[in-house]
file my_file_27.txt (compact mmCIF, C-alpha atoms)
# COMPACT_ATOMS: atom_id res chain seq x y z
CA MET P 26 -79.86 215.02 -5.72
CA LYS P 27 -82.77 217.40 -5.48
CA PHE P 28 -84.63 214.71 -3.53
CA VAL P 29 -81.82 213.97 -1.14
CA LYS P 30 -81.81 217.18 0.81
CA PRO P 31 -85.53 217.30 1.66
CA VAL P 32 -85.54 213.57 2.55
CA LEU P 33 -82.52 213.93 4.81
CA LEU P 34 -84.04 217.00 6.39
CA VAL P 35 -87.27 215.15 7.09
CA LEU P 36 -85.37 212.18 8.53
CA PHE P 37 -83.23 214.46 10.65
CA LEU P 38 -86.31 216.10 12.08
CA ALA P 39 -88.32 212.92 12.36
CA VAL P 40 -85.87 210.80 14.34
CA PRO P 41 -85.75 213.01 17.43
CA LEU P 42 -89.48 213.57 17.15
CA ILE P 43 -90.09 209.82 17.20
CA ALA P 44 -87.70 209.37 20.08
CA PHE P 45 -89.37 212.22 21.95
CA ALA P 46 -92.81 210.87 21.18
CA GLU P 47 -91.85 207.58 22.86
CA LYS P 48 -91.27 209.30 26.17
CA ALA P 49 -94.15 210.20 28.44
CA LYS P 50 -94.37 213.92 29.13
CA THR P 51 -96.81 213.73 32.02
CA ILE P 52 -97.55 211.45 34.94
CA ASP P 53 -100.82 210.48 33.28
CA GLU P 54 -99.05 209.58 30.05
CA LEU P 55 -96.49 207.46 31.88
CA ALA P 56 -99.21 205.76 33.94
CA LYS P 57 -101.18 205.06 30.78
CA MET P 58 -98.11 203.70 28.97
CA TYR P 59 -97.64 201.04 31.67
CA ASP P 60 -101.28 200.67 32.67
CA SER P 61 -102.06 197.05 33.52
CA SER P 62 -105.66 197.44 34.59
CA ARG P 63 -106.86 195.33 31.67
CA CYS P 64 -104.93 192.34 33.12
CA LYS P 65 -107.61 192.26 35.83
CA SER P 66 -110.27 190.85 33.50
CA CYS P 67 -108.49 187.48 33.21
CA HIS P 68 -106.14 187.53 36.23
CA ALA P 69 -108.55 188.94 38.83
CA GLU P 70 -107.09 187.17 41.85
CA ILE P 71 -103.49 188.04 41.03
CA TYR P 72 -104.49 191.61 40.23
CA ALA P 73 -106.31 191.95 43.57
CA GLN P 74 -103.22 190.67 45.37
CA TRP P 75 -101.00 193.12 43.49
CA GLU P 76 -103.35 196.04 44.25
CA LYS P 77 -102.65 195.56 47.97
CA SER P 78 -98.91 195.18 47.46
CA HIS P 79 -96.14 197.70 47.87
CA HIS P 80 -95.48 197.29 44.16
CA ALA P 81 -98.80 199.04 43.58
CA ARG P 82 -97.66 202.05 45.61
CA PRO P 83 -93.88 202.22 45.22
CA LEU P 84 -93.67 205.98 45.80
CA MET P 85 -96.10 206.06 48.71
CA GLY P 86 -94.00 204.59 51.49
CA VAL P 87 -95.87 203.02 54.39
CA LYS P 88 -99.35 204.02 55.49
CA GLY P 89 -99.91 206.85 53.04
CA GLY P 90 -96.50 208.46 53.27
CA LEU P 91 -94.85 210.12 50.29
CA MET P 92 -91.36 208.69 50.48
CA LEU P 93 -89.81 210.95 47.83
CA SER P 94 -90.87 214.16 49.55
CA PRO P 95 -87.35 215.02 50.84
CA ILE P 96 -86.07 215.05 47.25
CA ALA P 97 -88.83 217.48 46.24
CA LEU P 98 -87.83 219.99 48.92
CA LYS P 99 -85.91 223.03 47.74
CA LYS P 100 -82.15 222.66 47.94
CA GLY P 101 -80.91 223.94 51.27
CA GLU P 102 -84.31 223.65 52.90
CA LYS P 103 -84.33 221.63 56.11
CA GLY P 104 -84.71 217.96 55.22
CA SER P 105 -83.74 218.40 51.56
CA THR P 106 -81.27 216.07 49.89
CA ALA P 107 -78.32 216.23 47.52
CA PHE P 108 -80.80 215.41 44.75
CA SER P 109 -82.99 218.44 45.50
CA GLU P 110 -82.96 221.59 43.33
CA ASP P 111 -83.72 225.21 44.20
CA ASP P 112 -86.59 225.25 41.71
CA PRO P 113 -89.02 222.38 40.96
CA LYS P 114 -88.77 223.29 37.27
CA LYS P 115 -85.11 222.24 37.30
CA MET P 116 -85.92 218.68 38.35
CA THR P 117 -85.07 215.90 35.90
CA ILE P 118 -85.32 212.12 35.91
CA ARG P 119 -81.68 212.10 37.11
CA ASN P 120 -82.78 213.91 40.27
CA PHE P 121 -84.77 210.81 41.23
CA PRO P 122 -82.24 207.98 41.39
CA CYS P 123 -84.86 206.05 43.39
CA PHE P 124 -86.61 205.47 40.06
CA LYS P 125 -84.00 202.79 39.40
CA CYS P 126 -86.20 200.47 41.45
CA HIS P 127 -89.22 202.40 42.64
CA LEU P 128 -90.28 203.38 39.12
CA PRO P 129 -88.00 201.68 36.56
CA GLN P 130 -90.25 202.64 33.66
CA ALA P 131 -89.52 206.31 34.31
CA VAL P 132 -85.84 205.79 33.53
CA ALA P 133 -86.66 204.27 30.17
CA SER P 134 -89.85 206.05 29.20
CA ALA P 135 -90.33 209.37 30.98
CA ASP P 136 -89.36 212.84 29.91
CA ASP P 137 -87.88 215.22 32.47
CA SER P 138 -91.24 216.99 32.57
CA VAL P 139 -92.55 213.99 34.53
CA ALA P 140 -89.93 214.71 37.20
CA VAL P 141 -91.07 218.34 37.36
CA GLU P 142 -94.72 217.30 37.66
CA LEU P 143 -93.89 214.72 40.32
CA THR P 144 -91.89 217.28 42.31
CA GLU P 145 -94.81 219.70 42.23
CA ALA P 146 -97.20 216.92 43.22
CA LEU P 147 -94.97 215.96 46.15
CA ILE P 148 -94.76 219.57 47.32
CA ALA P 149 -98.55 219.87 47.05
CA LYS P 150 -98.92 216.50 48.87
CA ASP P 151 -101.06 215.36 45.96
CA SER P 152 -101.12 211.70 46.97
CA ALA P 153 -103.69 210.78 44.33
CA LYS P 154 -101.39 211.92 41.54
CA VAL P 155 -98.27 210.29 42.99
CA ALA P 156 -100.21 207.07 43.54
CA ARG P 157 -100.78 206.79 39.78
CA LEU P 158 -97.15 205.81 39.40
CA GLN P 159 -96.96 202.10 40.06
CA ILE P 160 -94.81 199.08 39.41
CA THR P 161 -97.40 197.46 37.22
CA CYS P 162 -97.62 194.00 35.68
CA ILE P 163 -95.85 195.30 32.57
CA VAL P 164 -92.85 196.53 34.53
CA CYS P 165 -91.96 193.09 35.90
CA HIS P 166 -93.35 190.99 33.08
CA ASN P 167 -91.64 193.02 30.34
CA GLU P 168 -89.35 195.87 31.38
CA LYS P 169 -87.41 193.92 34.06
CA ALA P 170 -87.87 190.43 32.61
CA ILE P 171 -84.51 190.01 30.90
CA ILE P 172 -81.12 190.44 32.52
CA HIS P 173 -79.07 188.67 29.82
CA LYS P 174 -79.67 191.33 27.18
CA ARG P 175 -76.41 190.70 25.33
CA GLU P 176 -77.45 187.11 24.74
CA LEU P 177 -81.22 187.32 24.72
CA GLY P 178 -81.82 190.86 23.57
CA ALA P 179 -84.00 193.49 25.19
CA PRO P 180 -87.58 192.69 26.19
CA GLU P 181 -89.67 192.66 23.04
CA LYS P 182 -92.56 194.99 22.49
CA GLY P 183 -95.87 193.19 22.58
CA VAL P 184 -94.39 190.29 24.57
CA LEU P 185 -94.86 189.50 28.22
CA TYR P 186 -92.51 187.19 30.08
CA GLY P 187 -93.54 184.63 32.65
CA LYS P 188 -92.97 181.14 33.99
CA LYS P 189 -94.10 179.46 30.76
CA ASP P 190 -94.70 180.09 27.08
CA VAL P 191 -98.19 181.17 26.07
CA PRO P 192 -98.12 181.49 22.26
CA ALA P 193 -101.60 183.02 22.06
CA HIS P 194 -102.11 185.41 24.95
CA MET P 195 -105.56 186.99 24.97
CA ASP P 196 -104.55 190.63 24.94
CA GLY P 197 -104.64 193.23 22.21
CA THR P 198 -101.16 194.57 22.93
CA PHE P 199 -99.24 191.72 24.52
CA LYS P 200 -100.20 188.89 22.23
CA THR P 201 -97.50 186.45 23.36
CA VAL P 202 -95.99 185.30 26.63
CA LYS P 203 -92.48 183.92 26.54
CA LYS P 204 -90.84 181.83 29.21
CA SER P 205 -88.42 183.93 31.20
CA ALA P 206 -85.01 182.55 32.10
CA ILE P 207 -85.08 184.11 35.57
CA PHE P 208 -88.67 184.39 36.79
CA LYS P 209 -88.26 181.61 39.33
CA ASP P 210 -84.84 182.82 40.47
CA SER P 211 -83.98 185.18 43.31
CA VAL P 212 -81.88 187.28 40.96
CA PHE P 213 -85.09 188.51 39.36
CA CYS P 214 -86.13 190.11 42.67
CA GLY P 215 -82.52 191.02 43.35
CA GLN P 216 -82.58 193.52 40.50
CA CYS P 217 -84.29 195.90 42.89
CA HIS P 218 -84.14 194.38 46.35
CA GLY P 219 -80.55 195.27 46.32
CA LEU P 220 -76.97 194.53 46.98
CA GLY P 221 -76.22 197.61 49.05
CA PRO P 222 -74.82 201.02 48.06
CA ASN P 223 -75.77 202.28 44.61
CA LEU P 224 -72.32 203.46 43.59
CA GLU P 225 -73.09 204.01 39.93
CA PHE P 226 -74.73 207.37 40.60
CA ASP P 227 -72.89 210.69 40.84
CA GLN P 228 -74.13 210.86 44.44
CA ALA P 229 -73.98 207.39 45.96
CA PHE P 230 -76.84 206.28 48.16
CA GLN P 231 -77.98 203.12 49.85
CA CYS P 232 -81.38 201.55 49.83
CA ALA P 233 -82.13 197.83 50.05
CA ASN P 234 -79.44 195.33 51.07
CA LEU P 235 -81.78 192.37 50.89
CA TYR P 236 -80.37 190.48 47.93
CA GLY P 237 -76.84 191.03 49.18
CA SER P 238 -77.82 189.57 52.53
CA TYR P 239 -79.50 186.64 50.77
CA LEU P 240 -76.36 185.90 48.72
CA HIS P 241 -73.75 186.48 51.37
CA ASN P 242 -75.47 185.16 54.49
CA TYR P 243 -78.23 182.78 53.42
CA VAL P 244 -76.81 181.08 50.33
CA SER P 245 -73.34 181.03 51.84
CA SER P 246 -74.68 179.12 54.84
CA GLY P 247 -76.32 176.50 52.66
CA GLY P 248 -79.75 178.06 52.07
CA THR P 249 -81.45 176.91 48.88
CA LYS P 250 -84.87 178.56 48.83
CA THR P 251 -85.64 181.40 46.44
CA CYS P 252 -87.36 184.68 47.26
CA GLN P 253 -90.38 183.47 45.31
CA GLU P 254 -90.66 180.21 47.26
CA CYS P 255 -91.25 182.11 50.49
CA HIS P 256 -92.82 185.39 49.36
CA MET P 257 -94.87 184.22 46.36
CA GLN P 258 -96.28 180.94 47.60
CA LYS P 259 -98.96 179.68 45.20
CA GLY P 260 -98.15 182.64 42.95
CA ASP P 261 -99.27 185.21 45.53
CA HIS P 262 -98.61 188.64 44.01
CA LEU P 263 -99.10 190.45 47.31
CA ILE P 264 -95.48 189.48 47.91
CA ALA P 265 -95.89 189.98 51.64
CA PRO P 266 -95.29 191.77 53.88
CA ASN P 267 -97.82 194.49 53.30
CA PHE P 268 -96.84 196.99 55.96
CA ASN P 269 -100.20 198.72 55.66
CA ASP P 270 -101.79 195.60 57.16
CA ASP P 271 -100.66 195.51 60.79
CA LYS P 272 -102.18 192.16 61.70
CA GLN P 273 -100.88 190.32 58.66
CA THR P 274 -97.41 191.83 59.05
CA SER P 275 -97.23 190.84 62.73
CA GLU P 276 -98.33 187.30 61.86
CA LEU P 277 -95.78 186.99 59.08
CA LEU P 278 -92.98 188.26 61.32
CA ALA P 279 -94.04 185.90 64.13
CA LYS P 280 -93.93 183.01 61.69
CA ALA P 281 -90.41 183.88 60.53
CA ILE P 282 -88.90 184.96 63.84
CA ASN P 283 -88.74 182.80 66.94
CA LEU P 284 -88.12 184.10 70.45
CA GLU P 285 -87.10 181.91 73.37
CA VAL P 286 -86.93 183.25 76.91
CA GLU P 287 -85.43 181.56 79.96
CA THR P 288 -85.30 183.10 83.42
CA LEU P 289 -83.50 182.44 86.65
CA GLY P 290 -83.78 184.01 90.10
CA TYR P 291 -81.13 183.66 92.78
CA GLU P 292 -79.16 185.50 95.39
CA TRP P 293 -75.69 186.43 94.28
CA LEU P 294 -72.90 186.40 96.76
CA ARG P 295 -69.99 188.68 95.97
CA LYS P 296 -68.60 189.02 99.45
CA ALA P 297 -69.39 187.30 102.69
CA ALA P 298 -72.89 187.90 104.03
CA THR P 299 -73.80 190.36 101.27
CA TYR P 300 -76.40 188.77 99.09
CA VAL P 301 -77.69 190.58 96.02
CA PRO P 302 -81.10 189.36 94.82
CA LYS P 303 -80.82 189.02 91.06
CA ILE P 304 -82.79 187.78 88.10
CA VAL P 305 -81.24 186.65 84.86
CA VAL P 306 -83.09 186.65 81.57
CA ASN P 307 -81.71 184.70 78.62
CA THR P 308 -83.18 185.53 75.24
CA LYS P 309 -82.56 183.80 71.96
CA ILE P 310 -83.92 185.05 68.65
CA THR P 311 -83.72 182.91 65.54
CA THR P 312 -85.16 183.45 62.09
CA THR P 313 -86.13 181.26 59.17
CA ALA P 314 -85.89 184.19 56.74
CA GLY P 315 -83.39 183.94 53.91
CA HIS P 316 -82.17 187.47 54.47
CA ARG P 317 -81.36 190.09 57.06
CA ILE P 318 -84.27 191.45 59.11
CA PRO P 319 -84.97 194.30 58.79
CA ASP P 320 -84.20 195.10 55.18
CA GLY P 321 -86.09 195.86 52.00
CA MET O 19 -86.56 193.97 71.87
CA VAL O 20 -87.62 195.35 75.24
CA VAL O 21 -87.16 193.36 78.43
CA THR O 22 -89.05 194.71 81.41
CA ALA O 23 -88.94 193.42 84.96
CA LYS O 24 -91.73 194.43 87.32
CA SER O 25 -92.33 193.65 90.94
CA VAL O 26 -95.51 191.84 91.91
CA ASP O 27 -97.20 195.18 92.65
CA GLY O 28 -96.47 196.36 89.11
CA LYS O 29 -93.57 198.68 89.85
CA GLU O 30 -90.84 198.67 87.20
CA ILE O 31 -87.61 197.23 88.53
CA GLY O 32 -85.53 197.24 85.41
CA LYS O 33 -85.64 197.71 81.66
CA PHE O 34 -83.32 196.61 78.87
CA GLU O 35 -83.58 197.49 75.18
CA ARG O 36 -81.73 196.08 72.22
CA HIS O 37 -82.15 197.26 68.63
CA TYR O 38 -81.40 194.93 65.75
CA HIS O 39 -80.92 196.74 62.45
CA PRO O 40 -78.30 197.95 59.98
CA GLN O 41 -76.93 201.38 60.77
CA ALA O 42 -75.57 203.53 57.97
CA THR O 43 -73.90 206.88 57.55
CA ASN O 44 -73.22 209.04 54.51
CA CYS O 45 -69.48 208.30 54.94
CA ARG O 46 -68.82 212.01 55.39
CA ASP O 47 -69.42 212.03 59.13
CA PHE O 48 -70.24 209.64 61.95
CA LYS O 49 -73.93 210.50 62.21
CA MET O 50 -76.28 207.67 61.46
CA LYS O 51 -78.59 208.50 58.58
CA TYR O 52 -82.10 207.23 58.14
CA GLY O 53 -83.48 207.18 54.62
CA ALA O 54 -81.95 205.94 51.39
CA GLN O 55 -81.43 209.48 50.10
CA TRP O 56 -78.83 210.15 52.76
CA LYS O 57 -77.28 206.78 53.52
CA VAL O 58 -74.22 205.52 51.69
CA ALA O 59 -72.96 202.47 53.57
CA ASN O 60 -73.54 200.45 56.69
CA LEU O 61 -71.30 201.37 59.57
CA ARG O 62 -72.65 198.71 61.91
CA ASP O 63 -75.13 195.91 61.48
CA THR O 64 -76.92 194.38 64.46
CA SER O 65 -79.83 193.00 62.43
CA LEU O 66 -81.11 189.43 62.52
CA GLN O 67 -79.16 187.34 60.05
CA PRO O 68 -80.20 184.07 58.45
CA GLY O 69 -78.96 181.05 60.33
CA GLN O 70 -77.50 183.11 63.17
CA ALA O 71 -79.11 183.30 66.60
CA LYS O 72 -79.13 186.53 68.58
CA LYS O 73 -78.55 185.73 72.22
CA GLU O 74 -78.65 188.12 75.14
CA ILE O 75 -78.03 187.59 78.84
CA ILE O 76 -79.70 190.32 80.84
CA GLU O 77 -79.32 190.76 84.58
CA PHE O 78 -81.51 192.81 86.91
CA ASP O 79 -80.63 193.40 90.55
CA LEU O 80 -83.78 193.41 92.64
CA PRO O 81 -84.42 196.18 95.17
CA GLU O 82 -84.29 195.33 98.81
CA GLY O 83 -87.28 193.32 99.95
CA VAL O 84 -88.32 192.28 96.46
CA ARG O 85 -88.07 188.53 95.95
CA ALA O 86 -90.17 187.98 92.84
CA ALA O 87 -90.67 189.66 89.50
CA ASP O 88 -92.64 189.41 86.30
CA VAL O 89 -90.32 189.57 83.32
CA THR O 90 -91.82 190.49 79.96
CA VAL O 91 -89.89 190.28 76.71
CA ASP O 92 -91.50 192.21 73.84
CA LEU O 93 -90.15 191.72 70.36
CA VAL O 94 -91.42 194.43 68.06
CA TYR O 95 -90.71 195.47 64.48
CA GLU O 96 -90.46 199.21 64.02
CA ASP O 97 -90.92 200.57 60.52
CA VAL O 98 -89.96 204.11 59.52
CA ASN O 99 -90.35 205.45 63.06
CA PRO O 100 -90.76 204.11 66.62
CA ASP O 101 -94.47 204.90 66.57
CA ASN O 102 -95.13 202.52 63.70
CA ARG O 103 -94.82 199.21 65.50
CA TYR O 104 -95.68 195.65 64.59
CA PRO O 105 -95.71 193.38 67.66
CA ILE O 106 -94.03 190.03 66.98
CA HIS O 107 -93.83 188.21 70.32
CA SER O 108 -94.57 189.04 73.92
CA ILE O 109 -93.52 186.51 76.53
CA THR O 110 -94.01 186.97 80.28
CA LYS O 111 -92.39 184.80 82.93
CA LYS O 112 -92.66 184.88 86.69
CA VAL O 113 -89.36 184.69 88.52
CA SER O 114 -89.04 184.02 92.22
CA LEU O 115 -86.12 183.79 94.58
CA ASP O 116 -88.08 181.51 96.85
CA LYS O 117 -88.43 177.79 96.26
call {"tool": "encode", "arguments": {"input": "my_file_27.txt", "output": "structure tokens"}}
result
Amino acid sequence: MKFVKPVLLVLFLAVPLIAFAEKAKTIDELAKMYDSSRCKSCHAEIYAQWEKSHHARPLMGVKGGLMLSPIALKKGEKGSTAFSEDDPKKMTIRNFPCFKCHLPQAVASADDSVAVELTEALIAKDSAKVARLQITCIVCHNEKAIIHKRELGAPEKGVLYGKKDVPAHMDGTFKTVKKSAIFKDSVFCGQCHGLGPNLEFDQAFQCANLYGSYLHNYVSSGGTKTCQECHMQKGDHLIAPNFNDDKQTSELLAKAINLEVETLGYEWLRKAATYVPKIVVNTKITTTAGHRIPDG
Amino acid sequence: MVVTAKSVDGKEIGKFERHYHPQATNCRDFKMKYGAQWKVANLRDTSLQPGQAKKEIIEFDLPEGVRAADVTVDLVYEDVNPDNRYPIHSITKKVSLDK
């Protein structure tokens, strides 16, 4: 019995310490925890595509913006949100519901101190620091890879998930690749490219409707293509559009959206001898996209 | 989409704009909100939908003495704000009242 008390005490202290140690306390720690830069050595082309993608800058918005800045504003300040606090030090992971999709690893692996540091970085417009937080290879190929957790369990440590099994993956940490049940399915993308309002939060908000539009307008009208078939052709991890590339975005939109214009000129007669010269323009816009445009 | 009609000498005769996008509020008032932090649900949705054509019929009355016009239809994608524009299509047609 003399042993029991010290052992229990050590266990009692150790468990929260271990749990705490698993959470990143700083932006650098979180970035390092999910760092995928070593993937580049073998998957250079895919990595280069990803580097230009919005997944590589999920908190940056378009063209260098810092999309979470309104949340970092002090509560009550013009432009602040319901998620803002009156002191950056009060910010927690729960103050950034956008992390659900824009930085899923923060929900699972970041301490509230990361939220404080991010808030201060946003206030200071420290783009370089904010840009360190990315949706890396590990986020999709591990963290978000399984949606049937009750049947298949949570994503395993040291395992990546992809389109096929790779029993001996040449990486020191992720030594195996397992075939994912959903990697080729739209529902994989639908985890983040959303159904509509996020009603599970204490303050509901709405971001992407894209997957909802896909299900309720595209599939319901007979559409059979997946997100990946259009946006990841030949495995392209840019997953266009890249709104920082004006030319490419315009070309992609022009490919997906068709515009027809017909015109007619005539003189309209409403009453005797009173002609009104008139032109009529008929426009017709059609799209081959499998979702609403615009959406995200 | 912006439809502009100009006379042969370049003077604007008429202009028509149509915006295609979901419009959301916070469900606490009737002001449209822009930005996920504030939006709660779509109030109206004029966006382009899969498999559904958007058709418009636009009429311009020509000023007295004008019997021809250049009609330009510009389809543009605006992202975040009206200054961040991605041109999609621009089609110009000449229209005359004379055969």
call {"tool": "closest_residue", "arguments": {"input": "my_file_27.txt", "among": "P:Asp151, P:Asp261, P:Asp270, P:Glu276", "to": "P:Ser94", "atoms": "all atoms listed in the file"}}
result
P:Asp151
call {"tool": "closest_atom_pairs", "arguments": {"input": "my_file_27.txt", "of": "chain P", "to": "chain O", "cutoff": "7 Å", "atoms": "only C-alpha atoms", "output": "CSV"}}
result
residue,atom,partner,partner_atom,distance
P:Thr106,CA,O:Gln55,CA,6.6
P:Pro222,CA,O:Val58,CA,5.8
P:Ala229,CA,O:Val58,CA,6.0
P:Phe230,CA,O:Val58,CA,4.5
P:Gln231,CA,O:Val58,CA,4.8
P:Cys232,CA,O:Ala54,CA,4.7
P:Asn242,CA,O:Pro68,CA,6.3
P:Tyr243,CA,O:Pro68,CA,5.6
P:Asp271,CA,O:Tyr104,CA,6.3
P:Thr274,CA,O:Tyr104,CA,6.9
P:Ser275,CA,O:Ile106,CA,5.4
P:Leu278,CA,O:Ile106,CA,6.0
P:Ala279,CA,O:Ile106,CA,5.0
P:Thr288,CA,O:Val113,CA,6.7
P:Leu289,CA,O:Val113,CA,6.5
P:Gly290,CA,O:Leu115,CA,5.1
P:Tyr291,CA,O:Leu115,CA,5.3
P:Val301,CA,O:Asp79,CA,6.8
P:Pro302,CA,O:Leu80,CA,5.3
P:Lys303,CA,O:Asp79,CA,4.4
P:Ile304,CA,O:Phe78,CA,5.3
P:Val305,CA,O:Glu77,CA,4.5
P:Val306,CA,O:Ile76,CA,5.0
P:Asn307,CA,O:Ile75,CA,4.7
P:Thr308,CA,O:Glu74,CA,5.2
P:Lys309,CA,O:Lys73,CA,4.5
P:Ile310,CA,O:Lys72,CA,5.0
P:Thr311,CA,O:Ala71,CA,4.7
P:Thr312,CA,O:Pro68,CA,6.2
P:Thr313,CA,O:Pro68,CA,6.6
P:Ala314,CA,O:Pro68,CA,5.9
P:Gly315,CA,O:Pro68,CA,5.6
P:His316,CA,O:Pro68,CA,5.6
P:Arg317,CA,O:Gln67,CA,4.6
P:Ile318,CA,O:Leu66,CA,5.1
P:Pro319,CA,O:His39,CA,6.0
call {"tool": "atom_distance", "arguments": {"input": "my_file_27.txt", "atom1": "atom CA of P:Ala281", "atom2": "atom CA of P:Ala265"}}
result
12.1 Å
call {"tool": "residues_near_point", "arguments": {"input": "my_file_27.txt", "point": "(-94.7, 186.8, 26.0)", "cutoff": "6 Å", "atoms": "all atoms listed in the file", "output": "MDAnalysis selection string"}}
result
chainID P and resid 184:186 201:203
call {"tool": "write_last_selection", "arguments": {"input": "my_file_27.txt", "atoms": "C-alpha atoms", "output": "PDB file, in the coordinates of the input"}}
result
ATOM      1  CA  VAL P 184     -94.390 190.290  24.570  1.00  0.00           C
ATOM      2  CA  LEU P 185     -94.860 189.500  28.220  1.00  0.00           C
ATOM      3  CA  TYR P 186     -92.510 187.190  30.080  1.00  0.00           C
ATOM      4  CA  THR P 201     -97.500 186.450  23.360  1.00  0.00           C
ATOM      5  CA  VAL P 202     -95.990 185.300  26.630  1.00  0.00           C
ATOM      6  CA  LYS P 203     -92.480 183.920  26.540  1.00  0.00           C
TER       7      LYS P 203
END
call {"tool": "residues_around", "arguments": {"input": "my_file_27.txt", "residues": "P:Cys126", "least_positions_apart": "6", "cutoff": "12 Å", "atoms": "all atoms listed in the file", "output": "ChimeraX atom specification"}}
result
/P:80,83-84,132-133,159-160,164-165,168-169,214-219,223,232-233,321
call {"tool": "residues_around", "arguments": {"input": "my_file_27.txt", "residues": "P:Phe199", "least_positions_apart": "2", "cutoff": "12 Å", "atoms": "all atoms listed in the file", "output": "list in words"}}
result
Tyr59, Ser61, Arg63, Cys64, Cys162, Ile163, His166, Asn167, Pro180, Glu181, Lys182, Gly183, Val184, Leu185, Tyr186, Val191, Pro192, Ala193, His194, Met195, Asp196, Gly197, Thr201, Val202 and Lys203 of chain P
call {"tool": "write_last_selection", "arguments": {"input": "my_file_27.txt", "atoms": "C-alpha atoms", "output": "PDB file, in the coordinates of the input"}}
result
ATOM      1  CA  TYR P  59     -97.640 201.040  31.670  1.00  0.00           C
ATOM      2  CA  SER P  61    -102.060 197.050  33.520  1.00  0.00           C
ATOM      3  CA  ARG P  63    -106.860 195.330  31.670  1.00  0.00           C
ATOM      4  CA  CYS P  64    -104.930 192.340  33.120  1.00  0.00           C
ATOM      5  CA  CYS P 162     -97.620 194.000  35.680  1.00  0.00           C
ATOM      6  CA  ILE P 163     -95.850 195.300  32.570  1.00  0.00           C
ATOM      7  CA  HIS P 166     -93.350 190.990  33.080  1.00  0.00           C
ATOM      8  CA  ASN P 167     -91.640 193.020  30.340  1.00  0.00           C
ATOM      9  CA  PRO P 180     -87.580 192.690  26.190  1.00  0.00           C
ATOM     10  CA  GLU P 181     -89.670 192.660  23.040  1.00  0.00           C
ATOM     11  CA  LYS P 182     -92.560 194.990  22.490  1.00  0.00           C
ATOM     12  CA  GLY P 183     -95.870 193.190  22.580  1.00  0.00           C
ATOM     13  CA  VAL P 184     -94.390 190.290  24.570  1.00  0.00           C
ATOM     14  CA  LEU P 185     -94.860 189.500  28.220  1.00  0.00           C
ATOM     15  CA  TYR P 186     -92.510 187.190  30.080  1.00  0.00           C
ATOM     16  CA  VAL P 191     -98.190 181.170  26.070  1.00  0.00           C
ATOM     17  CA  PRO P 192     -98.120 181.490  22.260  1.00  0.00           C
ATOM     18  CA  ALA P 193    -101.600 183.020  22.060  1.00  0.00           C
ATOM     19  CA  HIS P 194    -102.110 185.410  24.950  1.00  0.00           C
ATOM     20  CA  MET P 195    -105.560 186.990  24.970  1.00  0.00           C
ATOM     21  CA  ASP P 196    -104.550 190.630  24.940  1.00  0.00           C
ATOM     22  CA  GLY P 197    -104.640 193.230  22.210  1.00  0.00           C
ATOM     23  CA  THR P 201     -97.500 186.450  23.360  1.00  0.00           C
ATOM     24  CA  VAL P 202     -95.990 185.300  26.630  1.00  0.00           C
ATOM     25  CA  LYS P 203     -92.480 183.920  26.540  1.00  0.00           C
TER      26      LYS P 203
END
call {"tool": "closest_residue", "arguments": {"input": "my_file_27.txt", "among": "P:Ser138, P:Ser205, P:Gln258, P:Ser211", "to": "P:Thr51", "atoms": "all atoms listed in the file"}}
result
P:Ser138
call {"tool": "atom_distance", "arguments": {"input": "my_file_27.txt", "atom1": "atom CA of P:Phe268", "atom2": "atom CA of P:Cys123"}}
result
19.6 Å
call {"tool": "atom_distance", "arguments": {"input": "my_file_27.txt", "atom1": "atom CA of P:Gly101", "atom2": "atom CA of P:Gln130"}}
result
29.2 Å
call {"tool": "closest_residue", "arguments": {"input": "my_file_27.txt", "among": "P:Leu93, P:Ile52, P:Ile71, P:Ile172", "to": "P:Ala153", "atoms": "only C-alpha atoms"}}
result
P:Ile52
call {"tool": "residues_around", "arguments": {"input": "my_file_27.txt", "residues": "P:Ala49", "least_positions_apart": "5", "cutoff": "8 Å", "atoms": "all atoms listed in the file", "output": "count of residues only"}}
result
7
call {"tool": "axis_aligned_box", "arguments": {"input": "my_file_27.txt", "around": "stretch 89-95 of chain O", "padding_each_side": "6 Å", "output": "JSON"}}
result
{"center_x": -90.9, "center_y": 192.5, "center_z": 73.9, "size_x": 13.9, "size_y": 17.9, "size_z": 30.8}
call {"tool": "residues_around", "arguments": {"input": "my_file_27.txt", "residues": "P:Leu98", "least_positions_apart": "6", "cutoff": "8 Å", "atoms": "only C-alpha atoms", "output": "number ranges by chain"}}
result
P: 104-106, 109-110, 148
call {"tool": "write_last_selection", "arguments": {"input": "my_file_27.txt", "atoms": "C-alpha atoms", "output": "mmCIF file, in the frame of the given file"}}
result
data_model
loop_
_atom_site.group_PDB
_atom_site.id
_atom_site.type_symbol
_atom_site.label_atom_id
_atom_site.label_comp_id
_atom_site.auth_asym_id
_atom_site.auth_seq_id
_atom_site.Cartn_x
_atom_site.Cartn_y
_atom_site.Cartn_z
ATOM 1 C CA GLY P 104 -84.710 217.960 55.220
ATOM 2 C CA SER P 105 -83.740 218.400 51.560
ATOM 3 C CA THR P 106 -81.270 216.070 49.890
ATOM 4 C CA SER P 109 -82.990 218.440 45.500
ATOM 5 C CA GLU P 110 -82.960 221.590 43.330
ATOM 6 C CA ILE P 148 -94.760 219.570 47.320
#
call {"tool": "residues_near_point", "arguments": {"input": "my_file_27.txt", "point": "(-94.0, 212.8, 45.9)", "cutoff": "10 Å", "atoms": "only C-alpha atoms", "output": "MDAnalysis selection string"}}
result
chainID P and resid 84:86 90:98 140 142:152 154:156
